[in-house]
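Next comes data-v2.cif, a file with mmCIF, C-alpha atoms; chains and numbers go by the auth columns.
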```cif
data_input
loop_
_atom_site.group_PDB
_atom_site.id
_atom_site.type_symbol
_atom_site.label_atom_id
_atom_site.label_comp_id
_atom_site.label_asym_id
_atom_site.label_seq_id
_atom_site.Cartn_x
_atom_site.Cartn_y
_atom_site.Cartn_z
_atom_site.B_iso_or_equiv
_atom_site.auth_seq_id
_atom_site.auth_asym_id
ATOM 1 C CA MET A 1 5.184 5.626 -108.542 0.00 29 A
ATOM 2 C CA LEU A 2 1.975 4.505 -110.260 0.00 30 A
ATOM 3 C CA GLU A 3 0.353 3.893 -106.880 0.00 31 A
ATOM 4 C CA ARG A 4 1.342 7.386 -105.705 0.00 32 A
ATOM 5 C CA VAL A 5 -0.069 8.975 -108.877 0.00 33 A
ATOM 6 C CA ALA A 6 -3.347 7.084 -108.427 0.00 34 A
ATOM 7 C CA ARG A 7 -3.694 8.013 -104.745 0.00 35 A
ATOM 8 C CA PHE A 8 -2.646 11.649 -104.839 0.00 36 A
ATOM 9 C CA GLU A 9 -3.222 12.821 -108.414 0.00 37 A
ATOM 10 C CA GLY A 10 -6.097 10.652 -109.661 0.00 38 A
ATOM 11 C CA GLU A 11 -9.764 11.477 -109.429 0.00 39 A
ATOM 12 C CA THR A 12 -11.617 10.521 -106.240 0.00 40 A
ATOM 13 C CA TYR A 13 -15.065 8.933 -106.450 0.00 41 A
ATOM 14 C CA SER A 14 -17.685 8.404 -103.777 0.00 42 A
ATOM 15 C CA VAL A 15 -18.487 4.709 -103.250 0.00 43 A
ATOM 16 C CA SER A 16 -21.902 3.550 -101.941 0.00 44 A
ATOM 17 C CA SER A 17 -23.263 0.296 -100.605 0.00 45 A
ATOM 18 C CA ARG A 18 -26.642 -0.152 -102.395 0.00 46 A
ATOM 19 C CA ILE A 19 -28.200 3.329 -102.727 0.00 47 A
ATOM 20 C CA ALA A 20 -26.451 6.415 -104.083 0.00 48 A
ATOM 21 C CA SER A 21 -27.508 9.982 -104.875 0.00 49 A
ATOM 22 C CA ILE A 22 -26.168 12.231 -107.625 0.00 50 A
ATOM 23 C CA GLY A 23 -27.982 15.530 -108.005 0.00 51 A
ATOM 24 C CA ARG A 24 -31.744 14.900 -107.901 0.00 52 A
ATOM 25 C CA THR A 25 -31.453 11.258 -108.977 0.00 53 A
ATOM 26 C CA PHE A 26 -31.182 8.185 -106.759 0.00 54 A
ATOM 27 C CA TYR A 27 -29.376 5.093 -107.992 0.00 55 A
ATOM 28 C CA LEU A 28 -30.234 1.605 -106.736 0.00 56 A
ATOM 29 C CA GLY A 29 -27.484 -0.901 -107.486 0.00 57 A
ATOM 30 C CA LEU A 30 -29.045 -4.155 -108.728 0.00 58 A
ATOM 31 C CA GLY A 31 -25.988 -6.187 -107.766 0.00 59 A
ATOM 32 C CA ASP A 32 -26.120 -8.245 -110.967 0.00 60 A
ATOM 33 C CA LYS A 33 -23.151 -9.444 -113.018 0.00 61 A
ATOM 34 C CA ASP A 34 -23.491 -6.483 -115.413 0.00 62 A
ATOM 35 C CA TRP A 35 -23.341 -3.879 -112.611 0.00 63 A
ATOM 36 C CA GLN A 36 -26.637 -2.289 -113.687 0.00 64 A
ATOM 37 C CA ALA A 37 -28.546 0.172 -111.546 0.00 65 A
ATOM 38 C CA VAL A 38 -31.986 1.746 -111.405 0.00 66 A
ATOM 39 C CA ALA A 39 -32.048 5.529 -111.818 0.00 67 A
ATOM 40 C CA ILE A 40 -34.963 6.927 -109.767 0.00 68 A
ATOM 41 C CA ALA A 41 -36.082 10.518 -110.309 0.00 69 A
ATOM 42 C CA ALA A 42 -39.244 12.570 -109.881 0.00 70 A
ATOM 43 C CA GLU A 43 -40.269 11.734 -113.452 0.00 71 A
ATOM 44 C CA GLY A 44 -39.980 7.947 -112.962 0.00 72 A
ATOM 45 C CA TRP A 45 -37.340 5.216 -113.038 0.00 73 A
ATOM 46 C CA GLN A 46 -35.295 3.345 -115.603 0.00 74 A
ATOM 47 C CA ILE A 47 -32.562 0.707 -115.652 0.00 75 A
ATOM 48 C CA VAL A 48 -29.149 2.057 -116.709 0.00 76 A
ATOM 49 C CA SER A 49 -26.222 -0.097 -117.820 0.00 77 A
ATOM 50 C CA HIS A 50 -23.426 2.319 -116.909 0.00 78 A
ATOM 51 C CA PRO A 51 -24.572 4.332 -113.868 0.00 79 A
ATOM 52 C CA PRO A 52 -22.421 7.274 -112.772 0.00 80 A
ATOM 53 C CA ALA A 53 -22.650 6.030 -109.171 0.00 81 A
ATOM 54 C CA ARG A 54 -20.058 3.563 -107.870 0.00 82 A
ATOM 55 C CA PHE A 55 -21.064 0.621 -105.673 0.00 83 A
ATOM 56 C CA ARG A 56 -19.080 -1.741 -103.485 0.00 84 A
ATOM 57 C CA ARG A 57 -20.021 -5.393 -103.065 0.00 85 A
ATOM 58 C CA SER A 58 -19.502 -7.844 -100.241 0.00 86 A
ATOM 59 C CA PRO A 59 -19.350 -11.633 -100.724 0.00 87 A
ATOM 60 C CA ALA A 60 -22.773 -11.964 -99.046 0.00 88 A
ATOM 61 C CA ARG A 61 -24.558 -9.538 -101.366 0.00 89 A
ATOM 62 C CA GLN A 62 -27.086 -10.956 -103.837 0.00 90 A
ATOM 63 C CA ALA A 63 -28.688 -9.472 -106.920 0.00 91 A
ATOM 64 C CA LEU A 64 -32.115 -7.908 -107.011 0.00 92 A
ATOM 65 C CA PRO A 65 -34.516 -9.427 -109.568 0.00 93 A
ATOM 66 C CA ALA A 66 -35.288 -7.724 -112.861 0.00 94 A
ATOM 67 C CA LEU A 67 -37.753 -4.897 -112.279 0.00 95 A
ATOM 68 C CA GLU A 68 -41.043 -4.374 -114.048 0.00 96 A
ATOM 69 C CA CYS A 69 -44.184 -2.312 -113.512 0.00 97 A
ATOM 70 C CA HIS A 70 -47.379 -3.944 -112.237 0.00 98 A
ATOM 71 C CA GLU A 71 -50.867 -2.497 -112.003 0.00 99 A
ATOM 72 C CA GLN A 72 -51.189 -3.538 -108.333 0.00 100 A
ATOM 73 C CA GLY A 73 -47.945 -1.809 -107.352 0.00 101 A
ATOM 74 C CA ILE A 74 -46.970 -2.152 -103.706 0.00 102 A
ATOM 75 C CA ASN A 75 -50.252 -3.962 -102.951 0.00 103 A
ATOM 76 C CA LEU A 76 -48.595 -7.122 -104.312 0.00 104 A
ATOM 77 C CA LEU A 77 -46.589 -7.169 -101.089 0.00 105 A
ATOM 78 C CA ARG A 78 -49.703 -7.424 -98.893 0.00 106 A
ATOM 79 C CA ASP A 79 -49.977 -11.212 -99.234 0.00 107 A
ATOM 80 C CA PHE A 80 -46.358 -11.783 -98.196 0.00 108 A
ATOM 81 C CA VAL A 81 -46.209 -9.947 -94.874 0.00 109 A
ATOM 82 C CA ASN A 82 -48.095 -11.103 -91.790 0.00 110 A
ATOM 83 C CA VAL A 83 -49.615 -7.935 -90.354 0.00 111 A
ATOM 84 C CA ASP A 84 -52.854 -7.499 -88.439 0.00 112 A
ATOM 85 C CA SER A 85 -54.184 -4.295 -89.991 0.00 113 A
ATOM 86 C CA GLU A 86 -53.912 -2.009 -92.977 0.00 114 A
ATOM 87 C CA ASP A 87 -52.238 0.616 -90.777 0.00 115 A
ATOM 88 C CA ASP A 88 -49.459 -1.831 -89.906 0.00 116 A
ATOM 89 C CA PHE A 89 -48.992 -2.634 -93.601 0.00 117 A
ATOM 90 C CA ARG A 90 -48.662 1.078 -94.378 0.00 118 A
ATOM 91 C CA MET A 91 -46.025 1.408 -91.660 0.00 119 A
ATOM 92 C CA LEU A 92 -44.036 -1.455 -93.216 0.00 120 A
ATOM 93 C CA VAL A 93 -44.269 0.239 -96.628 0.00 121 A
ATOM 94 C CA ALA A 94 -43.176 3.530 -95.036 0.00 122 A
ATOM 95 C CA TRP A 95 -40.091 1.800 -93.596 0.00 123 A
ATOM 96 C CA VAL A 96 -39.253 0.275 -96.993 0.00 124 A
ATOM 97 C CA LEU A 97 -39.573 3.677 -98.708 0.00 125 A
ATOM 98 C CA GLY A 98 -37.399 5.254 -96.023 0.00 126 A
ATOM 99 C CA CYS A 99 -34.647 2.753 -96.794 0.00 127 A
ATOM 100 C CA PHE A 100 -34.272 4.315 -100.263 0.00 128 A
ATOM 101 C CA HIS A 101 -32.965 7.548 -98.774 0.00 129 A
ATOM 102 C CA PRO A 102 -29.265 7.545 -99.697 0.00 130 A
ATOM 103 C CA LYS A 103 -27.959 9.102 -96.469 0.00 131 A
ATOM 104 C CA GLY A 104 -30.490 8.584 -93.681 0.00 132 A
ATOM 105 C CA PRO A 105 -31.305 8.890 -90.879 0.00 133 A
ATOM 106 C CA TYR A 106 -33.414 5.731 -90.849 0.00 134 A
ATOM 107 C CA HIS A 107 -36.054 4.279 -88.589 0.00 135 A
ATOM 108 C CA ILE A 108 -35.401 0.954 -86.866 0.00 136 A
ATOM 109 C CA LEU A 109 -38.091 -1.597 -87.719 0.00 137 A
ATOM 110 C CA ILE A 110 -38.938 -3.879 -84.787 0.00 138 A
ATOM 111 C CA LEU A 111 -41.075 -6.968 -85.486 0.00 139 A
ATOM 112 C CA SER A 112 -42.425 -8.726 -82.395 0.00 140 A
ATOM 113 C CA GLY A 113 -44.831 -11.609 -81.928 0.00 141 A
ATOM 114 C CA GLU A 114 -45.317 -15.064 -80.517 0.00 142 A
ATOM 115 C CA GLN A 115 -44.064 -18.252 -82.117 0.00 143 A
ATOM 116 C CA ARG A 116 -45.616 -19.087 -85.518 0.00 144 A
ATOM 117 C CA SER A 117 -46.153 -15.427 -86.401 0.00 145 A
ATOM 118 C CA ALA A 118 -43.672 -15.497 -89.346 0.00 146 A
ATOM 119 C CA LYS A 119 -41.335 -12.882 -87.850 0.00 147 A
ATOM 120 C CA ASN A 120 -38.238 -14.186 -89.607 0.00 148 A
ATOM 121 C CA THR A 121 -40.021 -14.689 -92.937 0.00 149 A
ATOM 122 C CA THR A 122 -41.493 -11.179 -92.827 0.00 150 A
ATOM 123 C CA ALA A 123 -38.059 -9.718 -92.039 0.00 151 A
ATOM 124 C CA GLN A 124 -36.447 -11.635 -94.894 0.00 152 A
ATOM 125 C CA THR A 125 -39.203 -10.568 -97.305 0.00 153 A
ATOM 126 C CA LEU A 126 -38.708 -6.888 -96.497 0.00 154 A
ATOM 127 C CA ARG A 127 -34.949 -7.099 -96.796 0.00 155 A
ATOM 128 C CA ASP A 128 -35.167 -8.946 -100.117 0.00 156 A
ATOM 129 C CA LEU A 129 -36.997 -5.935 -101.556 0.00 157 A
ATOM 130 C CA ILE A 130 -33.981 -3.695 -100.941 0.00 158 A
ATOM 131 C CA ASP A 131 -30.756 -5.519 -100.128 0.00 159 A
ATOM 132 C CA PRO A 132 -30.923 -9.316 -100.549 0.00 160 A
ATOM 133 C CA ALA A 133 -27.996 -11.147 -98.984 0.00 161 A
ATOM 134 C CA SER A 134 -26.974 -14.566 -97.741 0.00 162 A
ATOM 135 C CA PRO A 135 -27.482 -15.001 -94.855 0.00 163 A
ATOM 136 C CA SER A 136 -30.444 -12.625 -94.750 0.00 164 A
ATOM 137 C CA THR A 137 -30.515 -12.326 -90.954 0.00 165 A
ATOM 138 C CA ARG A 138 -27.826 -12.741 -88.329 0.00 166 A
ATOM 139 C CA SER A 139 -27.431 -12.942 -84.575 0.00 167 A
ATOM 140 C CA THR A 140 -26.848 -9.966 -82.293 0.00 168 A
ATOM 141 C CA PRO A 141 -23.325 -8.521 -82.602 0.00 169 A
ATOM 142 C CA ASN A 142 -21.082 -8.981 -79.580 0.00 170 A
ATOM 143 C CA SER A 143 -19.578 -5.501 -79.753 0.00 171 A
ATOM 144 C CA GLU A 144 -20.009 -2.106 -81.365 0.00 172 A
ATOM 145 C CA GLN A 145 -17.047 -2.892 -83.596 0.00 173 A
ATOM 146 C CA ASP A 146 -18.780 -6.028 -84.944 0.00 174 A
ATOM 147 C CA LEU A 147 -21.914 -3.978 -85.610 0.00 175 A
ATOM 148 C CA VAL A 148 -20.102 -1.285 -87.585 0.00 176 A
ATOM 149 C CA ILE A 149 -18.131 -3.874 -89.574 0.00 177 A
ATOM 150 C CA ALA A 150 -21.440 -5.549 -90.471 0.00 178 A
ATOM 151 C CA ALA A 151 -22.741 -2.142 -91.583 0.00 179 A
ATOM 152 C CA THR A 152 -19.686 -1.720 -93.801 0.00 180 A
ATOM 153 C CA HIS A 153 -20.575 -4.869 -95.768 0.00 181 A
ATOM 154 C CA ASN A 154 -24.402 -4.621 -95.728 0.00 182 A
ATOM 155 C CA TYR A 155 -26.850 -1.892 -96.599 0.00 183 A
ATOM 156 C CA VAL A 156 -29.749 -3.294 -94.543 0.00 184 A
ATOM 157 C CA LEU A 157 -28.881 -4.837 -91.174 0.00 185 A
ATOM 158 C CA SER A 158 -31.270 -7.586 -90.071 0.00 186 A
ATOM 159 C CA PHE A 159 -31.010 -9.370 -86.715 0.00 187 A
ATOM 160 C CA ASP A 160 -33.020 -12.447 -85.779 0.00 188 A
ATOM 161 C CA ASN A 161 -34.550 -13.718 -82.511 0.00 189 A
ATOM 162 C CA LEU A 162 -33.374 -10.971 -80.186 0.00 190 A
ATOM 163 C CA SER A 163 -34.454 -11.577 -76.585 0.00 191 A
ATOM 164 C CA THR A 164 -32.377 -9.011 -74.672 0.00 192 A
ATOM 165 C CA ILE A 165 -30.175 -6.130 -75.791 0.00 193 A
ATOM 166 C CA ARG A 166 -27.254 -4.853 -73.763 0.00 194 A
ATOM 167 C CA PRO A 167 -27.340 -1.078 -73.169 0.00 195 A
ATOM 168 C CA MET A 168 -24.072 -0.589 -75.088 0.00 196 A
ATOM 169 C CA ILE A 169 -25.447 -2.396 -78.166 0.00 197 A
ATOM 170 C CA ALA A 170 -28.782 -0.544 -77.913 0.00 198 A
ATOM 171 C CA ASP A 171 -26.900 2.763 -77.976 0.00 199 A
ATOM 172 C CA ALA A 172 -24.889 1.560 -80.976 0.00 200 A
ATOM 173 C CA PHE A 173 -28.116 0.607 -82.778 0.00 201 A
ATOM 174 C CA CYS A 174 -29.363 4.182 -82.368 0.00 202 A
ATOM 175 C CA ARG A 175 -26.088 5.623 -83.669 0.00 203 A
ATOM 176 C CA ILE A 176 -26.165 3.358 -86.728 0.00 204 A
ATOM 177 C CA ALA A 177 -29.721 4.532 -87.497 0.00 205 A
ATOM 178 C CA THR A 178 -28.905 8.241 -87.253 0.00 206 A
ATOM 179 C CA GLY A 179 -25.224 8.200 -88.234 0.00 207 A
ATOM 180 C CA GLY A 180 -22.303 6.994 -86.186 0.00 208 A
ATOM 181 C CA GLY A 181 -18.921 5.392 -86.284 0.00 209 A
ATOM 182 C CA PHE A 182 -16.316 3.463 -84.383 0.00 210 A
ATOM 183 C CA CYS A 183 -12.632 4.216 -83.970 0.00 211 A
ATOM 184 C CA THR A 184 -10.100 1.499 -83.151 0.00 212 A
ATOM 185 C CA ARG A 185 -6.377 0.867 -83.376 0.00 213 A
ATOM 186 C CA LYS A 186 -5.138 -0.017 -86.839 0.00 214 A
ATOM 187 C CA LEU A 187 -3.715 -3.523 -87.017 0.00 215 A
ATOM 188 C CA HIS A 188 0.076 -3.913 -86.889 0.00 216 A
ATOM 189 C CA THR A 189 0.524 -0.396 -85.510 0.00 217 A
ATOM 190 C CA ASP A 190 0.980 1.106 -82.043 0.00 218 A
ATOM 191 C CA SER A 191 -0.926 4.388 -82.348 0.00 219 A
ATOM 192 C CA ALA A 192 -2.515 4.655 -85.809 0.00 220 A
ATOM 193 C CA LYS A 193 -6.309 4.713 -85.845 0.00 221 A
ATOM 194 C CA VAL A 194 -8.873 3.440 -88.317 0.00 222 A
ATOM 195 C CA LEU A 195 -12.391 4.864 -88.441 0.00 223 A
ATOM 196 C CA PHE A 196 -15.516 2.954 -89.469 0.00 224 A
ATOM 197 C CA ASN A 197 -18.487 5.209 -90.234 0.00 225 A
ATOM 198 C CA ALA A 198 -21.918 4.107 -91.450 0.00 226 A
ATOM 199 C CA THR A 199 -25.622 4.966 -91.389 0.00 227 A
ATOM 200 C CA ARG A 200 -27.837 2.011 -92.239 0.00 228 A
ATOM 201 C CA PRO A 201 -31.501 0.904 -92.193 0.00 229 A
ATOM 202 C CA ARG A 202 -32.090 -1.748 -89.550 0.00 230 A
ATOM 203 C CA LEU A 203 -34.721 -4.327 -88.721 0.00 231 A
ATOM 204 C CA ARG A 204 -34.899 -6.964 -86.057 0.00 232 A
ATOM 205 C CA ASN A 205 -37.373 -9.442 -84.679 0.00 233 A
ATOM 206 C CA GLY A 206 -38.029 -11.274 -81.444 0.00 234 A
ATOM 207 C CA ILE A 207 -40.770 -12.532 -79.136 0.00 235 A
ATOM 208 C CA PRO A 208 -40.575 -9.840 -76.395 0.00 236 A
ATOM 209 C CA ASP A 209 -41.172 -6.136 -76.950 0.00 237 A
ATOM 210 C CA GLN A 210 -37.742 -4.668 -77.681 0.00 238 A
ATOM 211 C CA SER A 211 -38.596 -0.971 -77.671 0.00 239 A
ATOM 212 C CA ALA A 212 -38.726 -0.463 -73.901 0.00 240 A
ATOM 213 C CA ARG A 213 -35.747 1.926 -73.904 0.00 241 A
ATOM 214 C CA PRO A 214 -37.043 5.468 -74.622 0.00 242 A
ATOM 215 C CA ASP A 215 -34.108 6.401 -76.877 0.00 243 A
ATOM 216 C CA LEU A 216 -34.566 3.218 -78.912 0.00 244 A
ATOM 217 C CA ALA A 217 -38.341 3.620 -79.112 0.00 245 A
ATOM 218 C CA ASP A 218 -37.888 7.154 -80.443 0.00 246 A
ATOM 219 C CA HIS A 219 -36.054 5.750 -83.494 0.00 247 A
ATOM 220 C CA ALA A 220 -38.273 2.693 -83.987 0.00 248 A
ATOM 221 C CA ILE A 221 -41.322 1.560 -85.924 0.00 249 A
ATOM 222 C CA SER A 222 -42.758 -1.304 -83.857 0.00 250 A
ATOM 223 C CA ILE A 223 -45.107 -3.829 -85.448 0.00 251 A
ATOM 224 C CA HIS A 224 -46.682 -6.748 -83.574 0.00 252 A
ATOM 225 C CA LEU A 225 -47.334 -9.745 -85.821 0.00 253 A
ATOM 226 C CA PRO A 226 -50.331 -12.027 -85.086 0.00 254 A
ATOM 227 C CA VAL A 227 -50.040 -15.802 -84.791 0.00 255 A
ATOM 228 C CA ILE A 228 -50.931 -17.512 -88.085 0.00 256 A
ATOM 229 C CA PRO A 229 -53.787 -20.031 -87.599 0.00 257 A
ATOM 230 C CA ARG A 230 -52.900 -23.616 -88.461 0.00 258 A
ATOM 231 C CA GLY A 231 -55.254 -23.711 -91.440 0.00 259 A
ATOM 232 C CA LYS A 232 -53.630 -20.660 -93.063 0.00 260 A
ATOM 233 C CA ARG A 233 -49.971 -21.654 -92.744 0.00 261 A
ATOM 234 C CA ASN A 234 -47.854 -22.327 -95.808 0.00 262 A
ATOM 235 C CA THR A 235 -44.599 -24.147 -96.418 0.00 263 A
ATOM 236 C CA LEU A 236 -41.475 -22.032 -96.789 0.00 264 A
ATOM 237 C CA GLY A 237 -40.772 -23.497 -100.232 0.00 265 A
ATOM 238 C CA ALA A 238 -44.215 -22.585 -101.569 0.00 266 A
ATOM 239 C CA PHE A 239 -43.961 -19.127 -100.009 0.00 267 A
ATOM 240 C CA ASN A 240 -40.575 -18.448 -101.618 0.00 268 A
ATOM 241 C CA ARG A 241 -41.816 -19.592 -105.040 0.00 269 A
ATOM 242 C CA ASP A 242 -44.875 -17.337 -104.856 0.00 270 A
ATOM 243 C CA PHE A 243 -42.794 -14.400 -103.658 0.00 271 A
ATOM 244 C CA ALA A 244 -40.215 -14.844 -106.432 0.00 272 A
ATOM 245 C CA LYS A 245 -42.996 -14.954 -109.005 0.00 273 A
ATOM 246 C CA ALA A 246 -44.600 -11.788 -107.634 0.00 274 A
#
```
Would you mind writing the file out in structure tokens?
Amino acid sequence: MLERVARFEGETYSVSSRIASIGRTFYLGLGDKDWQAVAIAAEGWQIVSHPPARFRRSPARQALPALECHEQGINLLRDFVNVDSEDDFRMLVAWVLGCFHPKGPYHILILSGEQRSAKNTTAQTLRDLIDPASPSTRSTPNSEQDLVIAATHNYVLSFDNLSTIRPMIADAFCRIATGGGFCTRKLHTDSAKVLFNATRPRLRNGIPDQSARPDLADHAISIHLPVIPRGKRNTLGAFNRDFAKA
């Protein structure tokens, strides 16, 4: 009886993954043990202890660091992404800002480059600004169902070392960016259906150019990363320490 009262007579709340919108205010869930969030409005932002937005968490989700203002602003990020020009850096920043839209649609960020161009590190750095998780990147999903399930448990989807993309998965990537779902048979039933629906920011990296399909290219921001000269390379440990400090 209590379960029936809760399901059919109790209040219903919208649940978000990492970003939520209530009125003219966005809420960014920090993912910390106190369930704090950042309220972002036209007048500025502040950390709130009891946000009106509800957030779900997956076991892979990690907390964002404590936020503070800095005089350099987004320019602090410039030393931690391997891009060839200021225009490319602005496109990366534009993709990050687009990820803060609570509903989408979102552009697909495609990072390409030869070996030793820090594709994976750049992808992890960008994701850590919005939706840190462990693991940060994953392999290509085998089916549309796997992709939508991943979108259910992650706000930002990041895929590593993609060489080829099957047409079915490429179409699913476009639907996830603009809004799409997947319907399948509910377990332990003969005819009942369960619907997965998600719109998520996406980024992926690989050596070849992955935006050859016109429909995929129309949704994508493509950035080619240059090879880092031997004298300018850094260890991953030192990079992570500097990034955490910044």
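The spacing separating atom CA of Pro87 of chain A from atom CA of Asn182 of chain A amounts to 10.0 Å.
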Rounded to one decimal, what separation in Å do you get between atom CA of Asp60 of chain A and atom CA of Ile102 of chain A?
22.9 Å
List, as a list of chain:residue names, every residue that the PyMOL selection byres ((chain A and resi 66) around 7) selects in the file provided.
A:Tyr55, A:Leu56, A:Gly57, A:Ala65, A:Ala67, A:Ile68, A:Trp73, A:Gln74, A:Ile75, A:Val76
Write the residues of the preceding selection, restricted to C-alpha atoms, as a compact mmCIF listing (two decimals), in the coordinates of the input.
```txt
# COMPACT_ATOMS: atom_id res chain seq x y z
CA TYR A 55 -29.38 5.09 -107.99
CA LEU A 56 -30.23 1.60 -106.74
CA GLY A 57 -27.48 -0.90 -107.49
CA ALA A 65 -28.55 0.17 -111.55
CA ALA A 67 -32.05 5.53 -111.82
CA ILE A 68 -34.96 6.93 -109.77
CA TRP A 73 -37.34 5.22 -113.04
CA GLN A 74 -35.30 3.34 -115.60
CA ILE A 75 -32.56 0.71 -115.65
CA VAL A 76 -29.15 2.06 -116.71
```
Would you kindly translate the PyMOL selection byres ((chain A and resi 243-252) around 8) into the concrete residues it picks from this file, as a ChimeraX atom specification?
/A:111-112,116,119,123,134-141,198-199,201-202,205,239-242,253-254
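Using all atoms listed in the file, the nearest neighbour of Arg258 of chain A within the list A:Ala178, A:Arg144, A:Ser45, A:Thr165 is A:Arg144.
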Suppose you want the space between atom CA of Arg203 of chain A and atom CA of Ala226 of chain A; what is it in Å?
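Result for atom CA of Arg203 of chain A versus atom CA of Ala226 of chain A: 9.0 Å, one decimal.
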